[in-house]
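To start, the structure under review is shown below, and the notes come after it.
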Amino acid sequence: MTSTTDDSPVIPSPTPPRAGFLDRLTERQVLLLVLLVGALLYLPFAGSYGLFDPWETHYGEVGRQMARRNDFISLYWPGSPLDGEQFWSKPVLSFWMMALSMKVFGIGGGGLAAGEFALSSRPEWALRLPFCLMALLALVGVYLPVSRFVSRRAGVLSALALATFPMFSLVARQAMTDMAFLGPMTLGLGLCALALFDDKDDELPRRHWRGFSWPHHSIYYTTVALLALTVLPQLVVNSIQLTWTLPLPWKRHITLPGVVSMMPYFIGFFLFLWFTARTRYKAPFYLHIASILCGLAMLAKGLAGLGLPVIVFLAYLLFTWNWRRLARAELLRSLPLAILACALVAVPWHHAMLARHGFPFWNELYGDNHWRRLVTGRHGDRGSFEYFLRELGYGLYPWIALAPSALAWVAMRAFGPRTAATPGVDKRRDILWFGAIWFVSGYALVSFSMTKFHHYILPALPGLAIAFGCFLDDVLTEKRGRLALLAVVAGAPLLALVAYDLTSAQKSAQRFLWLFSYDYINTPQGRPWPPDMDYARVLWIFAGLFTAAIALLAWQRVRAWAAIATFAVAAAFTYFLLDVYIRQAAAHWSQKPLIAQYYRERGSHEERLLAWQMYWRGENFYTQNEIYEGPASERTVFLGDKNAENLKEFVTKHPGKRMWFLIERSRLDSLKGILPESVRPSVKVVNENNNKFYLLTANL
């Protein structure tokens with residue numbers, strides 16, 4: 001203690017708490033850090049292995065057809081006698097992304113060299129890159145509301161938890177429609193939370209010009225730019241490529257050019273600009289951007305792109321009865337404009353498809369692939385509410401160890417008393433409610449659907465990631481060592497049970513593949529598993545390391561390092577899944593190596609590749625559909641009715657020529673039985689490395 005000349009004691013000022021690492025960064029820097037971590041997880045080696053059948057190659061061929069035809073309205077998949085030429089089971093966004101990416105990579109036009117798709121890695125990079133970037137949108141959508149209303153650390157922890165969930169990371173590496181839906185939808189819901197919970201109602205600065213004024217703020221310019229980017233290219237393409245024939249009385253009709261059909265949307269676009277220029281607060285612009293993103297999600301997956309955000313939004317307001325939040329900052333007035341923005345993004349393509357193809361398109365997309373899947377069931381599994389519990393165990397490995405304690409903690413916090421004197425605590429409570437309702441709503445919606453696929457639970461995972469991130473932040477902030485011990489006691493047995501289920505048999509590890517593929521529909525017990533792919537020891541090691549890391553959270557002196565170790569283990573496991581496990585599995589689940597060998601070793605283009613009883617789609621994509629194009633008599637796809645007779649007829653028309661065959665391994669003897677006796681001795685297996693397919697040659 002020191003004293004002054006008047007002997008009065010001076011109490012030393014307390015040392016201010018040292019700012020954490022994240023608090024020393026700007027908001028933009030932390031956001032870039034989240035994006036960088038996500039990019040480092042998903043982008044390396046993304047194009048280093050072949051596309052998985054059936055979804056990546058199926059959707060990839062639809063995107064290739066769009067790029068080749070330069071038709072950005074209709075969707076085509078001409079590749080099999082079992083399907084028509086049209087592809088109407090999914091909306092268009094994923095295929096726009098694929099087609100444009102292929103053009104950027106220089107592989108989207110016609111006149112490409114034969115075998116280019118099989119012999120180059122550019123198709124894999126072109127198809128997967130856009131979906132990896134969409135996954136980054138989801139990370140931002142989780143980070144923004146949690147960092148704003150809980151803490152930056154909680155926001156980063158939530159985003160990193162989501163990034164390292166196996167189901168999320170595996171789908172992020174797949175060229176399929178789900179991440180094109182989840183990325184925009186998650187960011188849209190995150191922005192809805194900002195609009196709903198932010199109490200900063202300061203008016204935006206304005207700029208004036210000749211009696212007209214508008215908000216002079218980056219969020220206004222971002223809204224306008226995003227709407228222009230997502231709407232105007234559609235309207236221009238539809239105006240050029242579309243004609244609309246309308247029936248008139250007395251068997252007459254009128255044909256309208258596309259620009260006339262698109263005129264209401266041009267008008268709607270300028271009306272949106274006019275009315276949003278009069279908006280005075282920031283919150284409505286969060287809502288407008290969210291509605292644009294939901295429109296994109298609808299173009300990726302249909303009605304769920306808008307339906308799930310609306311369900312989560314309304315469920316939160318109903319459960320918390322917090323309707324007064326809509327009365328602030330012009331939010332209620334902005335709802336009609338938000339609906340308009342969503343319609344401007346999502347409706348023009350549907351309008352163009354109806355004008356070109358009529359109601360058969362609508363009936364297949366929404367009648368068959370929406371309503372029938374939801375209510376009566378379609379191709380896929382069946383199940384009830386418990387169906388996805390098992391898939392959550394695999395999809396959250398090893399994070400499943402935190403699930404019991406984190407969910408129990410969220411329930412206690414969310415139902416705790418609201419204290420007006422501590423608004424920060426209430427905001428944290430609001431975010432916990434929001435995350436919990438997000439998870440429960442997503443889980444309930446897919447459980448209600450009669451058709452079940454394992455990856456349907458994916459939209460519920462961001463809400464669960466919010467719970468995990470806030471739980472870990474509370475452990476670190478409040479120094480709750482007992483809470484960490486509770487997590488180990490409650491979660492370690494559950495993690496051990498899931499690990500045992502994944503390692504009880506060598507082929508059990510393919511359940512990770514089933515998080516994005518649907519082999520389990522045709523082979524419920526699993527396909528034959530390559531004997532050299534045994535991951536039991538690795539899975540147990542990661543389970544043990546993760547359990548040890550969360551146990552160390554109970555020790556105050558090393559708690560920060562334990563949190564880092566927890567995420568390091570999760571990140572290492574993500575690297576193992578994406579860059580070891582998947583790349584090894586691709587040698588057996590992708591046809592690329594076999595078709596590449598055919599193109600490398602064939603003597604000339606007259607040595608054709610014959611795909612017999614193949615309906616895995618890779619045979620179409622990697623041959624650039626060479627096997628199905630041209631006159632019907634020269635097509636080398638033999639499937640469906642009279643496939644054996646048609647194969648025999650083709651063989652008799654090409655005597656003395658060397659041909660290549662792509663078949664499932666189980667069909668080898670059947671194929672030999674179809675071929676003439678003089679040909680059978682020449683049948684030779686030239687590639688048997690794939691445990692499902694053979695590549696053969698024969699001299700006809």
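Order determines the names: the first chain of the structure tokens is A, the second B, and so forth; residues in each chain are numbered 1 upward, and ligands are numbered 1 upward as they are shown.
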Members of region 276-441 of chain A assigned helix (DSSP H, G or I) by DSSP, as a ChimeraX atom specification: /A:276,283-301,304-320,323-327,331-357,359-376,387-395,399-414,423-441
Same residues, C-alpha atoms, output as a compact mmCIF listing (two decimals), in the first residue's frame:
```txt
# COMPACT_ATOMS: atom_id res chain seq x y z
CA THR A 276 -36.57 -0.34 -49.85
CA ALA A 283 -33.15 -4.73 -39.28
CA PRO A 284 -35.46 -4.85 -42.35
CA PHE A 285 -32.44 -5.27 -44.62
CA TYR A 286 -31.36 -8.33 -42.64
CA LEU A 287 -34.82 -9.70 -43.34
CA HIS A 288 -34.63 -8.81 -47.05
CA ILE A 289 -31.26 -10.53 -47.50
CA ALA A 290 -32.62 -13.54 -45.62
CA SER A 291 -35.61 -13.71 -47.97
CA ILE A 292 -33.34 -13.59 -51.03
CA LEU A 293 -31.31 -16.46 -49.58
CA CYS A 294 -34.47 -18.43 -48.87
CA GLY A 295 -35.45 -17.91 -52.50
CA LEU A 296 -32.13 -19.48 -53.51
CA ALA A 297 -32.75 -22.36 -51.11
CA MET A 298 -36.11 -22.95 -52.82
CA LEU A 299 -34.32 -23.10 -56.17
CA ALA A 300 -32.04 -25.75 -54.68
CA LYS A 301 -34.47 -28.05 -52.86
CA ALA A 304 -38.29 -26.66 -47.77
CA GLY A 305 -36.04 -23.71 -48.64
CA LEU A 306 -38.75 -21.35 -47.41
CA GLY A 307 -40.84 -23.73 -45.33
CA LEU A 308 -38.23 -24.63 -42.72
CA PRO A 309 -37.13 -21.01 -42.01
CA VAL A 310 -40.77 -19.94 -41.69
CA ILE A 311 -41.49 -22.85 -39.32
CA VAL A 312 -38.46 -22.01 -37.15
CA PHE A 313 -39.28 -18.30 -37.16
CA LEU A 314 -42.95 -18.81 -36.23
CA ALA A 315 -42.18 -21.55 -33.71
CA TYR A 316 -39.79 -19.22 -31.89
CA LEU A 317 -42.39 -16.45 -31.72
CA LEU A 318 -45.08 -18.89 -30.58
CA PHE A 319 -43.03 -20.57 -27.86
CA THR A 320 -41.58 -17.33 -26.50
CA TRP A 323 -44.40 -10.95 -31.04
CA ARG A 324 -43.60 -7.44 -29.94
CA ARG A 325 -40.20 -7.82 -31.56
CA LEU A 326 -41.91 -7.46 -34.94
CA ALA A 327 -43.19 -4.00 -34.01
CA LEU A 331 -39.94 -5.06 -39.33
CA LEU A 332 -43.66 -5.68 -39.76
CA ARG A 333 -43.85 -3.23 -42.65
CA SER A 334 -40.92 -4.95 -44.36
CA LEU A 335 -42.54 -8.42 -44.45
CA PRO A 336 -44.42 -7.84 -47.74
CA LEU A 337 -41.18 -6.66 -49.35
CA ALA A 338 -39.38 -9.72 -48.01
CA ILE A 339 -42.04 -11.95 -49.59
CA LEU A 340 -41.64 -10.03 -52.85
CA ALA A 341 -37.85 -10.50 -52.80
CA CYS A 342 -38.19 -14.25 -52.22
CA ALA A 343 -40.71 -14.52 -55.06
CA LEU A 344 -38.49 -12.54 -57.45
CA VAL A 345 -35.69 -15.06 -56.86
CA ALA A 346 -37.66 -18.31 -56.81
CA VAL A 347 -40.65 -17.84 -59.16
CA PRO A 348 -39.21 -16.82 -62.60
CA TRP A 349 -37.57 -20.20 -63.26
CA HIS A 350 -40.74 -22.06 -62.22
CA HIS A 351 -42.73 -19.76 -64.50
CA ALA A 352 -40.37 -20.45 -67.40
CA MET A 353 -40.57 -24.23 -66.85
CA LEU A 354 -44.37 -24.16 -66.73
CA ALA A 355 -44.46 -22.08 -69.89
CA ARG A 356 -42.16 -24.49 -71.70
CA HIS A 357 -43.21 -27.89 -70.28
CA PHE A 359 -48.08 -29.13 -65.70
CA PRO A 360 -46.26 -32.46 -66.18
CA PHE A 361 -43.17 -30.66 -64.84
CA TRP A 362 -45.11 -29.30 -61.86
CA ASN A 363 -46.69 -32.66 -61.08
CA GLU A 364 -43.36 -34.46 -61.05
CA LEU A 365 -41.42 -31.88 -59.05
CA TYR A 366 -44.04 -30.98 -56.45
CA GLY A 367 -46.63 -33.71 -56.76
CA ASP A 368 -44.30 -36.69 -56.86
CA ASN A 369 -41.05 -35.47 -55.30
CA HIS A 370 -42.60 -33.26 -52.62
CA TRP A 371 -46.13 -34.25 -51.71
CA ARG A 372 -45.80 -37.97 -52.34
CA ARG A 373 -42.49 -38.21 -50.46
CA LEU A 374 -43.95 -36.31 -47.53
CA VAL A 375 -47.36 -37.96 -47.22
CA THR A 376 -47.46 -41.36 -48.90
CA TYR A 387 -35.37 -43.14 -37.30
CA PHE A 388 -32.75 -40.37 -37.23
CA LEU A 389 -31.41 -40.99 -33.70
CA ARG A 390 -28.95 -43.59 -35.00
CA GLU A 391 -27.91 -41.34 -37.89
CA LEU A 392 -27.23 -38.52 -35.43
CA GLY A 393 -24.80 -40.82 -33.65
CA TYR A 394 -22.80 -41.33 -36.84
CA GLY A 395 -23.34 -37.80 -38.15
CA TRP A 399 -19.26 -34.76 -30.92
CA ILE A 400 -22.06 -37.09 -29.83
CA ALA A 401 -20.24 -37.31 -26.48
CA LEU A 402 -21.33 -33.72 -25.73
CA ALA A 403 -24.94 -34.13 -26.84
CA PRO A 404 -26.56 -35.27 -23.53
CA SER A 405 -24.97 -32.61 -21.32
CA ALA A 406 -25.22 -29.81 -23.91
CA LEU A 407 -28.91 -30.44 -24.59
CA ALA A 408 -29.69 -30.71 -20.87
CA TRP A 409 -27.78 -27.48 -20.21
CA VAL A 410 -29.65 -25.70 -23.02
CA ALA A 411 -32.98 -26.81 -21.60
CA MET A 412 -32.10 -25.48 -18.14
CA ARG A 413 -30.80 -22.20 -19.51
CA ALA A 414 -33.62 -21.70 -21.98
CA PRO A 423 -30.34 -7.90 -21.14
CA GLY A 424 -27.14 -9.68 -22.18
CA VAL A 425 -28.27 -12.76 -20.30
CA ASP A 426 -31.68 -12.54 -21.96
CA LYS A 427 -30.08 -12.31 -25.42
CA ARG A 428 -28.09 -15.44 -24.64
CA ARG A 429 -31.33 -17.10 -23.59
CA ASP A 430 -33.00 -15.99 -26.83
CA ILE A 431 -30.22 -17.54 -28.91
CA LEU A 432 -30.45 -20.79 -26.96
CA TRP A 433 -34.19 -20.87 -27.60
CA PHE A 434 -33.56 -20.12 -31.26
CA GLY A 435 -31.00 -22.91 -31.65
CA ALA A 436 -33.13 -25.43 -29.74
CA ILE A 437 -36.26 -24.62 -31.76
CA TRP A 438 -34.22 -24.82 -34.96
CA PHE A 439 -33.01 -28.31 -34.08
CA VAL A 440 -36.39 -29.59 -32.88
CA SER A 441 -38.26 -28.11 -35.85
```
Selected residue, from A:Thr636, A:Asp201, A:Leu137, A:Asp71, that lies nearest to Ala180 (chain A) when counting only C-alpha atoms: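 Closest to Ala180 (chain A) of all the choices is A:Leu137.
The spacing separating CA of Gly469 (chain A) from CA of Phe576 (chain A) amounts to 22.5 Å.
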Pick out the residues sitting within 9 Å of Leu552 (chain A), and hand them over as a list of chain:residue names; count only C-alpha atoms, and ignore anything fewer than 5 positions along from it in its own chain.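 Contacts, in chain order: A:Gly481, A:Ala484, A:Leu485, A:Thr547, A:Val558, A:Arg559, A:Trp561, A:Ala562, A:Ala563.
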Quick one: residues within 9 Å of Arg608 (chain A), only C-alpha atoms, excluding same-chain residues fewer than 4 positions away - as a list in words?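 Here the qualifying residues turn out to be Arg602, Ser604, Ile627, Thr636, Arg658, Met659, Trp660 and Phe661 of chain A.
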What does the file look like for those residues with C-alpha atoms, as a compact mmCIF listing (two decimals), in the first residue's frame?
```
# COMPACT_ATOMS: atom_id res chain seq x y z
CA ARG A 602 -8.48 -48.39 -76.29
CA SER A 604 -9.45 -46.24 -81.44
CA ILE A 627 -22.52 -44.54 -74.69
CA THR A 636 -24.09 -49.11 -76.01
CA ARG A 658 -12.54 -55.45 -79.91
CA MET A 659 -15.05 -54.12 -77.40
CA TRP A 660 -14.91 -53.12 -73.74
CA PHE A 661 -17.56 -54.03 -71.17
```
Can you pull out every residue within 8 Å of Gly47 (chain A), counting only C-alpha atoms, but drop anything in the same chain fewer than 4 positions away, and send it as a ChimeraX atom specification? /A:121-126,128
Which residues come within 12 Å of Ala632 (chain A), counting only C-alpha atoms, excluding same-chain residues fewer than 2 positions away, as an MDAnalysis selection string? chainID A and resid 79:81 627:630 634:638 646 650
File dump, residues just selected, C-alpha atoms, as a compact mmCIF listing (two decimals), in the first residue's frame:
```txt
# COMPACT_ATOMS: atom_id res chain seq x y z
CA GLY A 79 -28.86 -41.46 -70.43
CA SER A 80 -31.01 -44.53 -69.97
CA PRO A 81 -34.05 -46.29 -71.40
CA ILE A 627 -22.52 -44.54 -74.69
CA TYR A 628 -26.05 -43.21 -75.21
CA GLU A 629 -25.77 -40.65 -77.98
CA GLY A 630 -26.19 -41.23 -81.69
CA GLU A 634 -25.41 -47.72 -82.06
CA ARG A 635 -26.05 -46.92 -78.39
CA THR A 636 -24.09 -49.11 -76.01
CA VAL A 637 -26.34 -48.90 -72.95
CA PHE A 638 -28.16 -52.19 -72.48
CA ASN A 646 -30.24 -56.01 -77.72
CA PHE A 650 -25.15 -55.40 -81.22
```
Nearest to Gln591 (chain A), restricted to only C-alpha atoms and choosing among A:Gly110, A:Pro264, A:Gly50, A:Pro493, comes out as A:Gly50
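Compared by their closest atoms to Asn687 (chain A), and using only C-alpha atoms, the residues A:Ala587, A:Ala496, A:Met134, A:Val156 rank with A:Ala587 nearest.
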Any idea what the distance is between CA of Pro54 (chain A) and CA of Leu662 (chain A)?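 Between CA of Pro54 (chain A) and CA of Leu662 (chain A) the gap is 15.6 Å.
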One decimal, in Å: what's the spacing between CA of Ser508 (chain A) and CA of Thr523 (chain A)?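 Atom-to-atom, CA of Ser508 (chain A) and CA of Thr523 (chain A) are spaced 13.1 Å apart.
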Given the choices A:Asn70, A:Thr574, A:Ser101, A:Gln506, which gets closest to Ala163 (chain A) if the distance is worked out from only C-alpha atoms?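 Looking only at the distances to Ala163 (chain A), the closest residue turns out to be A:Thr574.
Closest to Asp83 (chain A) among A:Pro459, A:Pro44, A:Gly640, A:Pro524 is A:Gly640, based on only C-alpha atoms.
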Can you tell me, as a VMD selection string, which residues in region 122-345 of chain A count as strand (DSSP E) by DSSP? chain A and resid 206 to 209 212 to 215 243 to 248 252 to 257
So which residues touch Leu51 (chain A) within 12 Å, counting only C-alpha atoms, skipping near sequence neighbours fewer than 3 positions away, as JSON, numbers by chain? {"A": [46, 47, 48, 54, 55, 56, 57, 58, 59, 60, 61, 117, 118, 121, 122, 123, 124, 125, 126, 127, 128, 173, 174, 175, 176, 517, 582, 583, 585, 586, 587, 588, 589, 590, 591, 592, 593, 616, 617, 618, 619, 621, 622]}
Next, write the just-selected residues to a file, as an mmCIF file, in the first residue's frame, keeping C-alpha atoms as the atom set.
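Once written, selection_7.cif looks like this:
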```
data_model
loop_
_atom_site.group_PDB
_atom_site.id
_atom_site.type_symbol
_atom_site.label_atom_id
_atom_site.label_comp_id
_atom_site.auth_asym_id
_atom_site.auth_seq_id
_atom_site.Cartn_x
_atom_site.Cartn_y
_atom_site.Cartn_z
ATOM 1 C CA ALA A 46 -11.716 -31.948 -53.068
ATOM 2 C CA GLY A 47 -11.101 -32.821 -56.710
ATOM 3 C CA SER A 48 -8.537 -35.559 -56.189
ATOM 4 C CA PRO A 54 -25.345 -42.286 -58.066
ATOM 5 C CA TRP A 55 -26.045 -38.705 -57.013
ATOM 6 C CA GLU A 56 -22.832 -36.843 -57.881
ATOM 7 C CA THR A 57 -22.600 -38.364 -61.342
ATOM 8 C CA HIS A 58 -26.339 -38.093 -61.973
ATOM 9 C CA TYR A 59 -26.531 -34.418 -61.028
ATOM 10 C CA GLY A 60 -23.180 -33.795 -62.712
ATOM 11 C CA GLU A 61 -24.538 -35.071 -66.032
ATOM 12 C CA PHE A 117 -13.921 -36.121 -68.058
ATOM 13 C CA ALA A 118 -12.419 -39.478 -67.101
ATOM 14 C CA SER A 121 -9.469 -33.979 -62.419
ATOM 15 C CA ARG A 122 -11.143 -30.759 -63.580
ATOM 16 C CA PRO A 123 -14.692 -32.210 -63.545
ATOM 17 C CA GLU A 124 -14.416 -33.107 -59.847
ATOM 18 C CA TRP A 125 -13.036 -29.682 -58.951
ATOM 19 C CA ALA A 126 -15.642 -27.914 -61.064
ATOM 20 C CA LEU A 127 -18.557 -29.823 -59.572
ATOM 21 C CA ARG A 128 -17.530 -29.910 -55.916
ATOM 22 C CA ARG A 173 -17.723 -32.367 -50.253
ATOM 23 C CA GLN A 174 -20.565 -33.816 -52.353
ATOM 24 C CA ALA A 175 -21.878 -32.338 -55.600
ATOM 25 C CA MET A 176 -25.509 -32.833 -54.583
ATOM 26 C CA SER A 517 -25.267 -42.058 -50.355
ATOM 27 C CA ILE A 582 -13.410 -40.911 -48.669
ATOM 28 C CA ARG A 583 -10.495 -40.939 -51.082
ATOM 29 C CA ALA A 585 -13.572 -45.451 -50.649
ATOM 30 C CA ALA A 586 -13.823 -43.617 -53.976
ATOM 31 C CA ALA A 587 -11.654 -46.305 -55.584
ATOM 32 C CA HIS A 588 -14.630 -48.661 -55.090
ATOM 33 C CA TRP A 589 -17.617 -46.286 -55.160
ATOM 34 C CA SER A 590 -16.612 -44.334 -58.280
ATOM 35 C CA GLN A 591 -16.349 -45.639 -61.830
ATOM 36 C CA LYS A 592 -13.759 -43.060 -62.848
ATOM 37 C CA PRO A 593 -10.629 -45.287 -62.589
ATOM 38 C CA TRP A 616 -25.236 -46.109 -61.629
ATOM 39 C CA ARG A 617 -24.942 -42.889 -63.712
ATOM 40 C CA GLY A 618 -21.134 -42.728 -63.620
ATOM 41 C CA GLU A 619 -21.051 -44.637 -66.901
ATOM 42 C CA PHE A 621 -21.068 -38.819 -66.932
ATOM 43 C CA TYR A 622 -17.502 -40.080 -67.370
#
```
For Trp96 (chain A), which residue out of A:Leu133, A:Met263, A:Val62, A:Leu594 is the nearest one, using only C-alpha atoms? A:Val62
Residues of region 440-548 of chain A that approach region 138-152 of chain A to 10 Å or less, counting only C-alpha atoms: could you list each one with the shortest pair of atoms and its distance in Å to one decimal, rows by chain and increasing residue number, as JSON lines?
```
{"residue": "A:Pro462", "atom": "CA", "partner": "A:Val142", "partner_atom": "CA", "distance": 6.5}
{"residue": "A:Gly463", "atom": "CA", "partner": "A:Val142", "partner_atom": "CA", "distance": 8.1}
{"residue": "A:Ala465", "atom": "CA", "partner": "A:Val142", "partner_atom": "CA", "distance": 7.9}
{"residue": "A:Ile466", "atom": "CA", "partner": "A:Val142", "partner_atom": "CA", "distance": 6.9}
{"residue": "A:Ala467", "atom": "CA", "partner": "A:Val146", "partner_atom": "CA", "distance": 10.0}
{"residue": "A:Gly469", "atom": "CA", "partner": "A:Val146", "partner_atom": "CA", "distance": 8.6}
{"residue": "A:Cys470", "atom": "CA", "partner": "A:Val150", "partner_atom": "CA", "distance": 7.6}
{"residue": "A:Asp473", "atom": "CA", "partner": "A:Ser151", "partner_atom": "CA", "distance": 8.2}
{"residue": "A:Asp474", "atom": "CA", "partner": "A:Val150", "partner_atom": "CA", "distance": 9.8}
```
If you take only C-alpha atoms and a cut-off of 12 Å, which residues of region 3-93 of chain A touch region 231-253 of chain A, and what are their nearest atom pairs and distances in Å to one decimal, in chain and number order, as CSV?
```
residue,atom,partner,partner_atom,distance
A:Arg69,CA,A:Gln241,CA,11.7
A:Asn70,CA,A:Gln241,CA,9.6
A:Asp71,CA,A:Gln241,CA,7.5
A:Phe72,CA,A:Val237,CA,7.2
A:Ile73,CA,A:Asn238,CA,7.3
A:Ser74,CA,A:Gln241,CA,10.1
A:Val92,CA,A:Gln234,CA,11.2
A:Leu93,CA,A:Gln234,CA,11.1
```
